>>> print(open('model_27.cif').read())   # mmCIF, N, CA and C atoms
data_protein
loop_
_atom_site.group_PDB
_atom_site.id
_atom_site.type_symbol
_atom_site.label_atom_id
_atom_site.label_comp_id
_atom_site.auth_asym_id
_atom_site.auth_seq_id
_atom_site.Cartn_x
_atom_site.Cartn_y
_atom_site.Cartn_z
ATOM 1 N N MET A 261 -9.116 8.054 7.199
ATOM 2 C CA MET A 261 -7.690 8.072 7.481
ATOM 3 C C MET A 261 -7.372 9.323 8.277
ATOM 4 N N ARG A 262 -6.349 9.190 9.114
ATOM 5 C CA ARG A 262 -5.916 10.334 9.913
ATOM 6 C C ARG A 262 -4.455 10.137 10.313
ATOM 7 N N ILE A 263 -3.825 11.225 10.663
ATOM 8 C CA ILE A 263 -2.436 11.189 11.120
ATOM 9 C C ILE A 263 -2.432 10.947 12.627
ATOM 10 N N LEU A 264 -1.561 10.034 13.081
ATOM 11 C CA LEU A 264 -1.340 9.783 14.503
ATOM 12 C C LEU A 264 0.151 9.899 14.778
ATOM 13 N N ILE A 265 0.502 10.011 16.044
ATOM 14 C CA ILE A 265 1.900 10.084 16.467
ATOM 15 C C ILE A 265 2.233 8.828 17.284
ATOM 16 N N ALA A 266 3.329 8.169 16.931
ATOM 17 C CA ALA A 266 3.755 6.959 17.637
ATOM 18 C C ALA A 266 4.254 7.318 19.033
ATOM 19 N N VAL A 267 3.838 6.551 20.032
ATOM 20 C CA VAL A 267 4.278 6.799 21.416
ATOM 21 C C VAL A 267 5.057 5.633 21.997
ATOM 22 N N GLY A 268 5.189 4.552 21.262
ATOM 23 C CA GLY A 268 5.896 3.389 21.766
ATOM 24 C C GLY A 268 4.946 2.233 21.956
ATOM 25 N N SER A 269 5.416 1.195 22.604
ATOM 26 C CA SER A 269 4.596 0.013 22.828
ATOM 27 C C SER A 269 4.984 -0.617 24.153
ATOM 28 N N GLN A 270 4.003 -0.865 24.973
ATOM 29 C CA GLN A 270 4.218 -1.483 26.285
ATOM 30 C C GLN A 270 4.876 -2.847 26.108
ATOM 31 N N GLY A 271 5.960 -3.084 26.787
ATOM 32 C CA GLY A 271 6.605 -4.386 26.769
ATOM 33 C C GLY A 271 7.529 -4.641 25.593
ATOM 34 N N ARG A 272 7.730 -3.675 24.733
ATOM 35 C CA ARG A 272 8.641 -3.843 23.590
ATOM 36 C C ARG A 272 9.787 -2.855 23.696
ATOM 37 N N GLU A 273 10.930 -3.301 23.280
ATOM 38 C CA GLU A 273 12.092 -2.421 23.213
ATOM 39 C C GLU A 273 11.915 -1.457 22.042
ATOM 40 N N PRO A 274 12.360 -0.217 22.166
ATOM 41 C CA PRO A 274 12.252 0.725 21.042
ATOM 42 C C PRO A 274 12.870 0.202 19.753
ATOM 43 N N SER A 275 13.926 -0.592 19.853
ATOM 44 C CA SER A 275 14.571 -1.129 18.647
ATOM 45 C C SER A 275 13.714 -2.180 17.945
ATOM 46 N N ASP A 276 12.685 -2.707 18.624
ATOM 47 C CA ASP A 276 11.785 -3.696 18.022
ATOM 48 C C ASP A 276 10.643 -3.065 17.240
ATOM 49 N N LEU A 277 10.502 -1.752 17.323
ATOM 50 C CA LEU A 277 9.384 -1.066 16.672
ATOM 51 C C LEU A 277 9.776 -0.589 15.279
ATOM 52 N N PRO A 278 8.815 -0.548 14.349
ATOM 53 C CA PRO A 278 9.130 -0.093 12.995
ATOM 54 C C PRO A 278 9.147 1.425 12.844
ATOM 55 N N TRP A 279 9.129 2.159 13.956
ATOM 56 C CA TRP A 279 9.157 3.625 13.944
ATOM 57 C C TRP A 279 9.802 4.118 15.220
ATOM 58 N N GLU A 280 10.158 5.385 15.232
ATOM 59 C CA GLU A 280 10.705 6.034 16.415
ATOM 60 C C GLU A 280 9.575 6.713 17.181
ATOM 61 N N LYS A 281 9.731 6.827 18.481
ATOM 62 C CA LYS A 281 8.748 7.563 19.268
ATOM 63 C C LYS A 281 8.654 8.988 18.720
ATOM 64 N N GLY A 282 7.435 9.455 18.490
ATOM 65 C CA GLY A 282 7.218 10.788 17.955
ATOM 66 C C GLY A 282 7.042 10.845 16.453
ATOM 67 N N ASP A 283 7.293 9.738 15.760
ATOM 68 C CA ASP A 283 7.109 9.719 14.309
ATOM 69 C C ASP A 283 5.624 9.777 13.958
ATOM 70 N N PRO A 284 5.278 10.489 12.897
ATOM 71 C CA PRO A 284 3.890 10.476 12.425
ATOM 72 C C PRO A 284 3.629 9.205 11.617
ATOM 73 N N VAL A 285 2.427 8.688 11.720
ATOM 74 C CA VAL A 285 1.982 7.558 10.903
ATOM 75 C C VAL A 285 0.604 7.901 10.351
ATOM 76 N N LEU A 286 0.279 7.310 9.225
ATOM 77 C CA LEU A 286 -1.048 7.474 8.650
ATOM 78 C C LEU A 286 -1.882 6.289 9.095
ATOM 79 N N CYS A 287 -2.920 6.547 9.884
ATOM 80 C CA CYS A 287 -3.805 5.490 10.357
ATOM 81 C C CYS A 287 -4.794 5.169 9.244
ATOM 82 N N LEU A 288 -4.774 3.924 8.791
ATOM 83 C CA LEU A 288 -5.672 3.487 7.729
ATOM 84 C C LEU A 288 -6.995 2.978 8.280
ATOM 85 N N GLY A 289 -7.072 2.811 9.594
ATOM 86 C CA GLY A 289 -8.315 2.393 10.233
ATOM 87 C C GLY A 289 -8.173 1.101 11.009
ATOM 88 N N GLU A 290 -9.277 0.742 11.649
ATOM 89 C CA GLU A 290 -9.307 -0.491 12.432
ATOM 90 C C GLU A 290 -9.460 -1.681 11.484
ATOM 91 N N ILE A 291 -8.810 -2.762 11.827
ATOM 92 C CA ILE A 291 -8.903 -3.984 11.031
ATOM 93 C C ILE A 291 -10.248 -4.641 11.341
ATOM 94 N N GLU A 292 -11.033 -4.869 10.312
ATOM 95 C CA GLU A 292 -12.415 -5.319 10.483
ATOM 96 C C GLU A 292 -12.526 -6.619 11.279
ATOM 97 N N ASN A 293 -11.684 -7.593 10.996
ATOM 98 C CA ASN A 293 -11.785 -8.874 11.697
ATOM 99 C C ASN A 293 -10.853 -8.971 12.910
ATOM 100 N N MET A 294 -10.269 -7.823 13.315
ATOM 101 C CA MET A 294 -9.416 -7.759 14.509
ATOM 102 C C MET A 294 -9.771 -6.502 15.298
ATOM 103 N N PRO A 295 -10.954 -6.445 15.905
ATOM 104 C CA PRO A 295 -11.350 -5.239 16.647
ATOM 105 C C PRO A 295 -10.276 -4.830 17.656
ATOM 106 N N GLY A 296 -10.050 -3.518 17.747
ATOM 107 C CA GLY A 296 -9.053 -3.007 18.667
ATOM 108 C C GLY A 296 -7.641 -3.011 18.112
ATOM 109 N N HIS A 297 -7.487 -3.263 16.824
ATOM 110 C CA HIS A 297 -6.181 -3.272 16.170
ATOM 111 C C HIS A 297 -6.236 -2.387 14.929
ATOM 112 N N LEU A 298 -5.138 -1.669 14.693
ATOM 113 C CA LEU A 298 -5.076 -0.718 13.588
ATOM 114 C C LEU A 298 -4.104 -1.160 12.507
ATOM 115 N N ALA A 299 -4.328 -0.630 11.314
ATOM 116 C CA ALA A 299 -3.350 -0.691 10.235
ATOM 117 C C ALA A 299 -2.827 0.737 10.064
ATOM 118 N N VAL A 300 -1.511 0.883 10.022
ATOM 119 C CA VAL A 300 -0.894 2.198 9.871
ATOM 120 C C VAL A 300 0.187 2.131 8.800
ATOM 121 N N ALA A 301 0.423 3.267 8.147
ATOM 122 C CA ALA A 301 1.489 3.375 7.152
ATOM 123 C C ALA A 301 2.528 4.358 7.666
ATOM 124 N N THR A 302 3.796 3.996 7.537
ATOM 125 C CA THR A 302 4.890 4.865 7.949
ATOM 126 C C THR A 302 5.341 5.716 6.764
ATOM 127 N N LYS A 303 6.189 6.709 7.049
ATOM 128 C CA LYS A 303 6.593 7.651 6.004
ATOM 129 C C LYS A 303 7.405 7.006 4.890
ATOM 130 N N ASP A 304 7.938 5.801 5.121
ATOM 131 C CA ASP A 304 8.655 5.101 4.053
ATOM 132 C C ASP A 304 7.716 4.282 3.170
ATOM 133 N N GLY A 305 6.396 4.376 3.433
ATOM 134 C CA GLY A 305 5.399 3.711 2.605
ATOM 135 C C GLY A 305 5.030 2.308 3.028
ATOM 136 N N LYS A 306 5.639 1.797 4.089
ATOM 137 C CA LYS A 306 5.320 0.446 4.554
ATOM 138 C C LYS A 306 4.053 0.460 5.401
ATOM 139 N N VAL A 307 3.243 -0.574 5.239
ATOM 140 C CA VAL A 307 2.014 -0.716 6.019
ATOM 141 C C VAL A 307 2.238 -1.764 7.099
ATOM 142 N N HIS A 308 1.854 -1.417 8.319
ATOM 143 C CA HIS A 308 1.997 -2.305 9.481
ATOM 144 C C HIS A 308 0.609 -2.515 10.062
ATOM 145 N N TRP A 309 0.258 -3.733 10.384
ATOM 146 C CA TRP A 309 -1.083 -3.996 10.895
ATOM 147 C C TRP A 309 -1.008 -4.758 12.209
ATOM 148 N N GLY A 310 -2.097 -4.686 12.961
ATOM 149 C CA GLY A 310 -2.196 -5.413 14.219
ATOM 150 C C GLY A 310 -1.728 -4.620 15.425
ATOM 151 N N TRP A 311 -1.576 -3.307 15.296
ATOM 152 C CA TRP A 311 -1.103 -2.470 16.398
ATOM 153 C C TRP A 311 -2.271 -1.927 17.203
ATOM 154 N N HIS A 312 -2.111 -1.881 18.498
ATOM 155 C CA HIS A 312 -3.154 -1.364 19.387
ATOM 156 C C HIS A 312 -3.190 0.165 19.325
ATOM 157 N N PRO A 313 -4.367 0.750 19.444
ATOM 158 C CA PRO A 313 -4.487 2.208 19.403
ATOM 159 C C PRO A 313 -3.685 2.934 20.480
ATOM 160 N N ASP A 314 -3.421 2.265 21.622
ATOM 161 C CA ASP A 314 -2.667 2.939 22.686
ATOM 162 C C ASP A 314 -1.183 3.094 22.355
ATOM 163 N N ASN A 315 -0.752 2.598 21.200
ATOM 164 C CA ASN A 315 0.613 2.824 20.724
ATOM 165 C C ASN A 315 0.759 4.175 20.026
ATOM 166 N N PHE A 316 -0.369 4.896 19.911
ATOM 167 C CA PHE A 316 -0.402 6.155 19.171
ATOM 168 C C PHE A 316 -1.220 7.184 19.932
ATOM 169 N N ARG A 317 -1.042 8.439 19.541
ATOM 170 C CA ARG A 317 -1.850 9.523 20.103
ATOM 171 C C ARG A 317 -2.177 10.502 18.993
ATOM 172 N N GLU A 318 -3.163 11.346 19.263
ATOM 173 C CA GLU A 318 -3.519 12.399 18.316
ATOM 174 C C GLU A 318 -2.399 13.453 18.332
ATOM 175 N N PRO A 319 -2.083 14.031 17.188
ATOM 176 C CA PRO A 319 -1.044 15.070 17.147
ATOM 177 C C PRO A 319 -1.546 16.394 17.735
ATOM 178 N N THR A 320 -0.610 17.172 18.228
ATOM 179 C CA THR A 320 -0.934 18.532 18.644
ATOM 180 C C THR A 320 -0.838 19.423 17.415
ATOM 181 N N GLY A 321 -1.347 20.634 17.510
ATOM 182 C CA GLY A 321 -1.370 21.538 16.370
ATOM 183 C C GLY A 321 -0.017 21.810 15.736
ATOM 184 N N ASP A 322 1.039 21.877 16.551
ATOM 185 C CA ASP A 322 2.365 22.194 16.009
ATOM 186 C C ASP A 322 3.069 20.981 15.415
ATOM 187 N N GLU A 323 2.499 19.793 15.533
ATOM 188 C CA GLU A 323 3.123 18.589 14.985
ATOM 189 C C GLU A 323 2.692 18.299 13.551
ATOM 190 N N LEU A 324 1.725 19.034 13.051
ATOM 191 C CA LEU A 324 1.233 18.760 11.701
ATOM 192 C C LEU A 324 1.927 19.579 10.659
#
>>> encode(input="model_27.cif", output="structure tokens")
Amino acid sequence: MRILIAVGSQGREPSDLPWEKGDPVLCLGEIENMPGHLAVATKDGKVHWGWHPDNFREPTGDEL
């Protein structure tokens, strides 16, 4: 598991996303039967799955 930062999603309106750009998420890892897709948990405890890794980035030192 690791912390990632949400950057948005290509082709989706920001209001369609379960997080705001810049929000931290806990990456639970790649989904075994869906290569290239992640499961992430938001700070409200909800788990979201099926998201592409390019929707997130590694945090900088001051974001942790």
>>> closest_residue(input="model_27.cif", among="A:Phe316, A:Met294, A:Leu288, A:Gly310", to="A:Ala266", atoms="only N, CA and C atoms")
A:Phe316
>>> residues_around(input="model_27.cif", residues="stretch 296-300 of chain A", least_positions_apart="2", cutoff="5 Å", atoms="all atoms listed in the file", output="list in words")
Leu286, Cys287, Leu288, Gly289, Glu290, Ile291, Met294, Thr302, Val307, His308, Trp309, Gly310, Trp311 and His312 of chain A
>>> atom_distance(input="model_27.cif", atom1="atom N of A:Gly271", atom2="atom C of A:Pro313")
13.0 Å
>>> closest_residue(input="model_27.cif", among="A:Pro274, A:Gly305, A:Pro295, A:Gly268", to="A:Arg317", atoms="all atoms listed in the file")
A:Gly268
>>> resolve_selection(input="model_27.cif", expression="the PyMOL selection byres ((chain A and resi 263) around 7)", output="MDAnalysis selection string")
chainID A and resid 261:262 264:265 284:287 317:319
>>> atom_distance(input="model_27.cif", atom1="atom CA of A:Asp276", atom2="atom CA of A:Thr320")
25.6 Å
>>> select_by_dssp(input="model_27.cif", residues="chain A", states="strand (DSSP E or B)", output="list of chain:residue names")
A:Arg262, A:Ile263, A:Leu264, A:Ile265, A:Ala266, A:Pro284, A:Val285, A:Leu286, A:Cys287, A:Leu288, A:Gly289, A:Glu290, A:Leu298, A:Ala299, A:Val300, A:Ala301, A:Val307, A:His308, A:Trp309, A:Gly310, A:Trp311, A:Phe316, A:Arg317
>>> closest_residue(input="model_27.cif", among="A:Lys281, A:Lys306, A:Gly321, A:Asn293", to="A:Ser269", atoms="only N, CA and C atoms")
A:Lys281
>>> atom_distance(input="model_27.cif", atom1="atom CA of A:Asp322", atom2="atom CA of A:Asp304")
21.8 Å
>>> select_by_dssp(input="model_27.cif", residues="chain A", states="helix (DSSP H, G or I)", output="list of chain:residue names")
A:Pro274, A:Ser275, A:Asp276, A:Pro313, A:Asp314, A:Asn315, A:Gly321, A:Asp322, A:Glu323
>>> closest_residue(input="model_27.cif", among="A:Val267, A:Leu324, A:Ser275, A:Asp283", to="A:Lys303", atoms="only N, CA and C atoms")
A:Asp283
